[in-house]
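*Asks:* Structure file input_17.cif (mmCIF, C-alpha atoms) right here:
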data_upload
loop_
_atom_site.label_atom_id
_atom_site.label_comp_id
_atom_site.auth_asym_id
_atom_site.auth_seq_id
_atom_site.Cartn_x
_atom_site.Cartn_y
_atom_site.Cartn_z
CA MET A 1 0.00 0.00 0.00
CA ASN A 2 1.34 3.41 -0.98
CA SER A 3 0.20 6.97 -1.50
CA LYS A 4 -0.39 6.27 -5.22
CA THR A 5 -3.06 3.67 -4.41
CA LEU A 6 -4.83 5.92 -1.89
CA PRO A 7 -6.65 8.24 -4.36
CA GLN A 8 -8.04 5.20 -6.15
CA LEU A 9 -9.31 3.70 -2.89
CA LEU A 10 -10.89 7.01 -1.91
CA LYS A 11 -12.68 7.09 -5.28
CA LEU A 12 -13.78 3.45 -5.01
CA THR A 13 -15.23 3.88 -1.52
CA SER A 14 -17.09 7.01 -2.64
CA GLU A 15 -18.59 5.05 -5.52
CA ALA A 16 -19.49 2.14 -3.24
CA GLY A 17 -21.09 4.67 -0.89
CA GLU A 18 -23.29 5.92 -3.74
CA ILE A 19 -24.40 2.34 -4.41
CA ILE A 20 -25.28 1.89 -0.75
CA MET A 21 -27.22 5.17 -0.54
CA LYS A 22 -29.25 4.33 -3.66
CA LEU A 23 -30.31 1.06 -2.03
CA ARG A 24 -31.19 2.66 1.29
CA GLU A 25 -34.89 2.77 0.45
CA ASN A 26 -34.85 -1.05 0.22
CA SER A 27 -32.99 -1.54 3.51
CA PHE A 28 -36.06 -3.22 5.06
CA ASP A 29 -35.63 -6.13 2.63
CA TYR A 30 -32.94 -8.24 4.28
CA ALA A 31 -32.01 -11.81 5.20
CA ILE A 32 -30.39 -13.33 8.29
CA LYS A 33 -27.04 -15.08 7.92
CA LYS A 34 -25.86 -18.18 9.79
CA ASP A 35 -24.18 -16.02 12.44
CA SER A 36 -27.58 -14.34 13.13
CA THR A 37 -26.54 -11.01 11.61
CA PRO A 38 -28.57 -9.30 8.85
CA ILE A 39 -27.50 -8.86 5.24
CA THR A 40 -29.10 -6.48 2.73
CA TYR A 41 -28.84 -5.93 -1.01
CA ALA A 42 -26.57 -2.99 -0.18
CA ASP A 43 -24.10 -5.29 1.65
CA LYS A 44 -23.93 -7.58 -1.36
CA ALA A 45 -23.71 -4.82 -3.96
CA SER A 46 -20.97 -2.96 -2.10
CA HIS A 47 -19.06 -6.22 -1.60
CA GLU A 48 -19.18 -7.15 -5.27
CA PHE A 49 -18.17 -3.69 -6.41
CA LEU A 50 -15.27 -3.28 -3.98
CA VAL A 51 -13.86 -6.79 -4.31
CA ASN A 52 -13.90 -6.67 -8.10
CA ALA A 53 -12.32 -3.22 -8.19
CA ILE A 54 -9.62 -3.93 -5.59
CA GLU A 55 -8.72 -7.22 -7.27
CA LYS A 56 -7.95 -5.21 -10.42
CA LEU A 57 -6.12 -2.53 -8.45
CA THR A 58 -3.88 -4.93 -6.49
CA PRO A 59 -4.16 -8.36 -8.17
CA LYS A 60 -1.42 -9.96 -6.08
CA ILE A 61 -3.00 -9.17 -2.70
CA PRO A 62 -5.77 -11.53 -1.48
CA ILE A 63 -9.03 -10.12 -0.15
CA LEU A 64 -11.16 -11.16 2.81
CA SER A 65 -14.55 -9.45 2.93
CA GLU A 66 -17.31 -10.02 5.45
CA GLU A 67 -19.39 -11.45 2.62
CA SER A 68 -16.59 -13.83 1.55
CA SER A 69 -15.74 -15.05 5.05
CA HIS A 70 -16.07 -18.69 3.98
CA ILE A 71 -12.40 -18.66 2.94
CA PRO A 72 -10.92 -21.43 5.16
CA PHE A 73 -8.16 -20.74 7.67
CA SER A 74 -6.03 -23.39 5.97
CA ILE A 75 -5.72 -20.93 3.08
CA ARG A 76 -5.78 -17.65 5.02
CA LYS A 77 -3.08 -18.57 7.52
CA SER A 78 -0.39 -18.38 4.84
CA TRP A 79 -1.30 -14.79 3.97
CA LYS A 80 1.40 -12.32 5.01
CA LYS A 81 -0.55 -9.44 3.49
CA TYR A 82 -4.23 -9.12 2.60
CA TRP A 83 -7.13 -6.71 2.35
CA LEU A 84 -9.77 -6.97 5.09
CA ILE A 85 -13.06 -5.38 4.08
CA ASP A 86 -16.44 -4.71 5.61
CA PRO A 87 -18.46 -3.46 2.63
CA LEU A 88 -21.24 -2.18 4.89
CA ASP A 89 -20.46 -1.94 8.59
CA GLY A 90 -23.45 -1.15 10.76
CA THR A 91 -26.04 -3.06 8.74
CA ARG A 92 -28.58 -2.97 11.57
CA ASP A 93 -28.21 0.81 11.75
CA PHE A 94 -28.65 0.95 7.97
CA ILE A 95 -31.84 -1.12 8.21
CA ASP A 96 -33.21 1.02 11.04
CA GLY A 97 -32.67 4.25 9.12
CA SER A 98 -29.73 5.50 11.18
CA PRO A 99 -26.88 7.32 9.35
CA ASP A 100 -24.27 5.49 11.45
CA PHE A 101 -23.02 3.00 8.86
CA CYS A 102 -19.76 2.95 6.94
CA ILE A 103 -17.35 1.12 4.66
CA SER A 104 -14.19 -0.24 6.30
CA ILE A 105 -11.03 -1.30 4.47
CA ALA A 106 -7.76 -2.33 6.10
CA LEU A 107 -4.51 -3.74 4.81
CA ILE A 108 -3.24 -6.43 7.18
CA GLN A 109 0.46 -7.22 7.21
CA ASN A 110 1.92 -9.81 9.57
CA ASN A 111 -1.35 -10.01 11.54
CA TYR A 112 -1.78 -6.26 12.10
CA PRO A 113 -3.40 -3.38 10.17
CA THR A 114 -0.85 -1.07 8.50
CA PHE A 115 -3.45 0.91 6.55
CA GLY A 116 -7.00 1.81 7.48
CA LEU A 117 -9.77 3.57 5.55
CA ILE A 118 -13.30 4.24 6.77
CA TYR A 119 -15.92 6.04 4.70
CA SER A 120 -19.27 7.38 5.88
CA PRO A 121 -21.59 7.40 2.82
CA PHE A 122 -24.26 9.45 4.61
CA ASN A 123 -21.83 12.23 5.57
CA LYS A 124 -19.53 11.76 2.54
CA THR A 125 -16.56 11.75 4.92
CA HIS A 126 -13.35 9.73 4.68
CA TYR A 127 -10.97 8.82 7.49
CA TYR A 128 -7.71 7.10 6.71
CA ARG A 129 -4.18 6.39 7.83
CA LEU A 130 -1.17 5.36 5.77
CA ALA A 131 1.51 3.23 7.43
CA ASN A 132 3.53 5.15 10.02
CA LYS A 133 1.66 8.38 9.25
CA SER A 134 -0.84 10.50 11.14
CA SER A 135 -4.55 9.92 10.61
CA ILE A 136 -6.49 12.12 8.19
CA LYS A 137 -10.09 13.21 7.75
CA ILE A 138 -11.51 14.41 4.42
CA ALA A 139 -14.84 16.25 4.55
CA ASN A 140 -16.31 18.86 2.18
CA ASN A 141 -13.21 18.58 -0.03
CA LYS A 142 -11.00 19.67 2.87
CA THR A 143 -8.28 17.56 4.45
CA TYR A 144 -7.53 17.62 8.18
CA LYS A 145 -5.00 15.91 10.38
CA ILE A 146 -6.94 14.52 13.36
CA ARG A 147 -5.88 13.99 16.95
CA THR A 148 -7.47 12.51 20.05
CA LYS A 149 -8.31 14.66 23.07
CA LYS A 150 -8.18 13.79 26.74
CA PRO A 151 -11.33 14.47 28.76
CA LYS A 152 -11.16 17.73 30.69
CA ARG A 153 -13.72 16.69 33.28
CA TRP A 154 -16.42 14.40 31.97
CA GLU A 155 -15.36 11.38 29.96
CA LYS A 156 -17.49 10.81 26.87
CA ILE A 157 -17.92 7.05 26.44
CA VAL A 158 -19.32 5.77 23.16
CA VAL A 159 -20.96 2.35 22.93
CA GLY A 160 -22.78 0.33 20.29
CA ARG A 161 -26.43 1.16 19.87
CA TYR A 162 -27.39 -2.51 20.16
CA SER A 163 -24.94 -3.55 22.90
CA ILE A 164 -25.88 -1.13 25.67
CA ASN A 165 -27.48 -3.98 27.67
CA ASN A 166 -24.46 -6.30 27.40
CA LYS A 167 -23.72 -7.71 30.87
CA GLY A 168 -19.95 -7.33 30.59
CA LEU A 169 -20.33 -3.73 29.44
CA LYS A 170 -22.63 -2.89 32.34
CA GLU A 171 -20.20 -4.35 34.86
CA HIS A 172 -17.30 -2.48 33.26
CA LEU A 173 -19.11 0.86 33.36
CA LYS A 174 -19.73 0.42 37.10
CA LEU A 175 -15.97 0.91 37.54
CA LYS A 176 -16.04 4.31 35.81
CA THR A 177 -16.79 7.72 37.31
CA ASN A 178 -17.59 11.15 35.85
CA PHE A 179 -18.74 9.98 32.44
CA GLU A 180 -21.59 10.22 29.98
CA THR A 181 -22.50 7.52 27.48
CA PHE A 182 -23.40 7.99 23.83
CA LYS A 183 -24.78 5.41 21.40
CA LEU A 184 -23.33 5.09 17.92
CA GLY A 185 -23.25 2.36 15.31
CA SER A 186 -20.40 0.88 13.27
CA ALA A 187 -16.64 1.53 13.22
CA LEU A 188 -17.33 5.26 13.11
CA LYS A 189 -16.86 5.09 16.89
CA PHE A 190 -13.10 4.71 16.36
CA CYS A 191 -13.07 7.71 14.02
CA LEU A 192 -14.93 10.00 16.40
CA ILE A 193 -12.52 9.14 19.20
CA ALA A 194 -9.67 9.77 16.76
CA GLU A 195 -10.92 13.29 16.04
CA GLY A 196 -11.49 14.11 19.70
CA ILE A 197 -15.28 13.96 19.96
CA TYR A 198 -15.39 10.92 22.28
CA HIS A 199 -12.77 9.47 24.61
CA TYR A 200 -13.48 5.83 25.28
CA TYR A 201 -15.12 2.82 23.61
CA PRO A 202 -15.44 -0.49 25.49
CA LYS A 203 -16.58 -3.49 23.45
CA PHE A 204 -17.68 -6.69 25.18
CA GLY A 205 -20.11 -8.27 22.70
CA ARG A 206 -19.41 -10.22 19.53
CA CYS A 207 -17.21 -8.35 17.08
CA SER A 208 -15.51 -9.58 13.90
CA GLU A 209 -12.04 -8.63 12.72
CA TRP A 210 -13.37 -6.62 9.76
CA ASP A 211 -15.31 -4.50 12.29
CA THR A 212 -12.14 -3.34 14.06
CA ALA A 213 -9.07 -3.40 11.80
CA ALA A 214 -9.43 -0.10 9.94
CA GLY A 215 -10.64 1.67 13.06
CA VAL A 216 -7.70 0.40 15.13
CA CYS A 217 -5.25 1.72 12.53
CA ILE A 218 -6.94 5.13 12.33
CA LEU A 219 -7.30 5.59 16.09
CA GLU A 220 -3.68 4.65 16.75
CA GLY A 221 -2.57 7.13 14.09
CA ALA A 222 -4.40 9.87 15.97
CA GLY A 223 -2.79 9.16 19.33
CA GLY A 224 -5.19 6.59 20.76
CA LYS A 225 -4.85 2.88 21.38
CA VAL A 226 -6.87 -0.33 21.30
CA VAL A 227 -6.07 -3.29 23.56
CA ASP A 228 -7.81 -6.44 24.73
CA LEU A 229 -8.74 -6.99 28.39
CA GLU A 230 -5.23 -8.25 29.08
CA ASN A 231 -3.72 -5.05 27.66
CA ASN A 232 -2.47 -6.74 24.48
CA SER A 233 -2.81 -5.35 20.96
CA LEU A 234 -5.39 -7.08 18.78
CA LYS A 235 -4.15 -9.66 16.27
CA TYR A 236 -5.64 -10.51 12.90
CA ASN A 237 -5.94 -13.71 10.89
CA SER A 238 -4.44 -15.77 13.70
CA THR A 239 -7.52 -17.93 14.47
CA LYS A 240 -10.16 -19.82 12.49
CA ASP A 241 -13.18 -17.81 13.62
CA ILE A 242 -12.11 -14.25 12.61
CA ILE A 243 -13.52 -12.88 15.88
CA SER A 244 -11.92 -9.97 17.74
CA PRO A 245 -11.74 -10.31 21.53
CA ALA A 246 -13.36 -7.91 23.96
CA PHE A 247 -11.37 -4.69 23.81
CA ILE A 248 -10.98 -1.14 25.06
CA ALA A 249 -10.44 1.72 22.60
CA THR A 250 -9.25 4.91 24.23
CA ALA A 251 -7.98 8.37 23.41
#
Show me the file's structure as structure tokens.
*Replies:*
Amino acid sequence: MNSKTLPQLLKLTSEAGEIIMKLRENSFDYAIKKDSTPITYADKASHEFLVNAIEKLTPKIPILSEESSHIPFSIRKSWKKYWLIDPLDGTRDFIDGSPDFCISIALIQNNYPTFGLIYSPFNKTHYYRLANKSSIKIANNKTYKIRTKKPKRWEKIVVGRYSINNKGLKEHLKLKTNFETFKLGSALKFCLIAEGIYHYYPKFGRCSEWDTAAGVCILEGAGGKVVDLENNSLKYNSTKDIISPAFIATA
């Protein structure tokens, strides 16, 4: 991944975002996958568009998308570098009419994200980070370097809209003081911590690797960090199930 590929990925995610927004009126027409999560026509259309386009852009780099997750670990475990894509993150938010959905793309090298790109189709806003660089936001044709902010008094904690009643989360929040909680869908939570709007994101429910990789890269490039409950960095493509552990994302 290099700066020459970035403009093409920004263009592709914008185009995928247009596809998603055109299908928003049909978001109520969805199916339930084997893992009990919903899938819409927009998920499938964005997946097909992005995978086909990125295969042409970088033909030597394999791709793992949420909608192609059947690729067995026996094949994946040999990958030293691959694209990890969520073509529509926050599908439940999308179905419910919330604007809190996004496209997430990460480049994983040696089990860790070295590039992350998240695009909000509703807000037409990109967040990205190139390897060893600071994180960037593009909105209204303007480019900004983003940075986390420490809470001055009250800590703003952001949680998933559908995980607020998670038992582990409730127990964890009992240990906190002087905070206010906010509900937000998708990997946009990482981005809003990265730009200093929120400070803390604890995740205790089920979460797949394509839900976290790009966000981890972007948040770390803005001064934050993401660790599991044993204070270890998250690893990618190291297990069969492609599930991220419970984690804490912080400014």
*Asks:* Residue by residue, what does the PyMOL selection byres ((chain A and resi 164) around 12) grab here? Present the result as number ranges by chain.
*Replies:* A: 157-163, 165-173, 181-185, 201-205
*Asks:* Atoms to include: C-alpha atoms. Write the selected residues as a CSV table (one decimal), in the coordinates of the input.
*Replies:*
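Full text of again02.csv as output:
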chain,number,residue,atom,x,y,z
A,157,ILE,CA,-17.9,7.0,26.4
A,158,VAL,CA,-19.3,5.8,23.2
A,159,VAL,CA,-21.0,2.4,22.9
A,160,GLY,CA,-22.8,0.3,20.3
A,161,ARG,CA,-26.4,1.2,19.9
A,162,TYR,CA,-27.4,-2.5,20.2
A,163,SER,CA,-24.9,-3.6,22.9
A,165,ASN,CA,-27.5,-4.0,27.7
A,166,ASN,CA,-24.5,-6.3,27.4
A,167,LYS,CA,-23.7,-7.7,30.9
A,168,GLY,CA,-20.0,-7.3,30.6
A,169,LEU,CA,-20.3,-3.7,29.4
A,170,LYS,CA,-22.6,-2.9,32.3
A,171,GLU,CA,-20.2,-4.4,34.9
A,172,HIS,CA,-17.3,-2.5,33.3
A,173,LEU,CA,-19.1,0.9,33.4
A,181,THR,CA,-22.5,7.5,27.5
A,182,PHE,CA,-23.4,8.0,23.8
A,183,LYS,CA,-24.8,5.4,21.4
A,184,LEU,CA,-23.3,5.1,17.9
A,185,GLY,CA,-23.2,2.4,15.3
A,201,TYR,CA,-15.1,2.8,23.6
A,202,PRO,CA,-15.4,-0.5,25.5
A,203,LYS,CA,-16.6,-3.5,23.4
A,204,PHE,CA,-17.7,-6.7,25.2
A,205,GLY,CA,-20.1,-8.3,22.7
*Asks:* Once the PyMOL selection byres ((chain A and resi 227) around 12) has been applied to the shown file, what residues remain in the selection, as a list in words?
*Replies:*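 Checked against the file, the PyMOL selection byres ((chain A and resi 227) around 12) matches Tyr200, Tyr201, Pro202, Lys203, Thr212, Val216, Leu219, Glu220, Gly224, Lys225, Val226, Asp228, Leu229, Glu230, Asn231, Asn232, Ser233, Leu234, Lys235, Ser244, Pro245, Ala246, Phe247, Ile248, Ala249, Thr250 and Ala251 of chain A.
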*Asks:* Rounded to one decimal in Å, what is the spacing between atom CA of A:Ile19 and atom CA of A:Phe49?
*Replies:*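 Atom CA of A:Ile19 sits 8.9 Å away from atom CA of A:Phe49.
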*Asks:* I'd like the interatomic distance between atom CA of A:Ser27 and atom CA of A:Cys102, to a tenth of an Å.
*Replies:*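 Separating atom CA of A:Ser27 from atom CA of A:Cys102 is a distance of 14.4 Å.
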*Asks:* Calculate how many Å separate atom CA of A:Gln109 from atom CA of A:Asp89, rounding to one decimal.
*Replies:*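 So the answer is 21.6 Å.
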*Asks:* Considering only C-alpha atoms, can you say which of A:Thr114, A:Thr91, A:Thr5, A:Ser14 comes closest to A:Ser134?
*Replies:* A:Thr114
*Asks:* Quick one: residues within 12 Å of A:Pro59, all atoms listed in the file, excluding same-chain residues fewer than 5 positions away - as a VMD selection string?
*Replies:* chain A and resid 51 to 54 82 to 83
*Asks:* Take the selection from the previous step and output its residues with C-alpha atoms, as a PDB file, in the frame of the given file.
*Replies:*
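out14.pdb, written as the output of this step:
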ATOM      1  CA  VAL A  51     -13.860  -6.790  -4.310  1.00  0.00           C
ATOM      2  CA  ASN A  52     -13.900  -6.670  -8.100  1.00  0.00           C
ATOM      3  CA  ALA A  53     -12.320  -3.220  -8.190  1.00  0.00           C
ATOM      4  CA  ILE A  54      -9.620  -3.930  -5.590  1.00  0.00           C
ATOM      5  CA  TYR A  82      -4.230  -9.120   2.600  1.00  0.00           C
ATOM      6  CA  TRP A  83      -7.130  -6.710   2.350  1.00  0.00           C
TER       7      TRP A  83
END
*Asks:* Can you work out which one of A:Ile193, A:Ile108, A:Ala45, A:Ala222 has the shortest atom-to-atom distance to A:Ser238, counting only C-alpha atoms?
*Replies:* A:Ile108
*Asks:* Please write as a list in words the list of polymer residues whose atoms come within 6 Å of (-9.8, -2.6, 1.8), counting all atoms listed in the file and keeping to the coordinates of the file.
*Replies:*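 Checked against the point, the hits come out as Trp83, Leu84, Ile85, Ile105 and Ala106 of chain A.
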*Asks:* I want to know what sits within 10 Å of A:Gly17, based on all atoms listed in the file, with residues of the same chain fewer than 4 positions away left out; could you give that as a list in words?
*Replies:*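 Residues meeting the cut-off are Lys11, Leu12, Thr13, Met21, Lys22, Leu23, Ala42, Ser46, Pro87, Leu88, Cys102, Ile103, Tyr119, Ser120, Pro121, Phe122, Asn123 and Lys124 of chain A.
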*Asks:* Give the answer as one residue: which of A:Ala139, A:Cys217, A:Ile32, A:Ile146 has the shortest atom-to-atom distance to A:Ile197, using only C-alpha atoms?
*Replies:*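 Using only C-alpha atoms, the shortest distance to A:Ile197 belongs to A:Ile146.
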*Asks:* When you count all atoms listed in the file, which of these residues is closest to A:Asn237: A:Pro72, A:Gly196, A:Gly97, A:Gly116?
*Replies:*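 Of A:Pro72, A:Gly196, A:Gly97, A:Gly116, the one nearest A:Asn237 is A:Pro72, counting all atoms listed in the file.
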*Asks:* When distances are computed from all atoms listed in the file, which of A:His126, A:Lys176, A:Lys152, A:Lys240 shows the smallest separation from A:Gly215?
*Replies:*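 The answer is A:His126, which sits nearest to A:Gly215.
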*Asks:* (-12.0, 7.6, 8.0) in this file's frame - what residues fall within 6 Å of it? Use all atoms listed in the file and give the answer as number ranges by chain.
*Replies:* A: 117-119, 126-128, 137
*Asks:* On this file, the PyMOL selection byres ((chain A and resi 38) around 12) gives some set of residues; write that set as a PyMOL selection string.
*Replies:* chain A and resi 27-37+39-44+66-67+88-96
*Asks:* So, with all atoms listed in the file as the atoms that count, which of A:Tyr144, A:Ser65, A:Arg129, A:Ser186 lies closest to A:Ser98?
*Replies:*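 Checking each of A:Tyr144, A:Ser65, A:Arg129, A:Ser186 against A:Ser98, counting all atoms listed in the file, the winner is A:Ser186.
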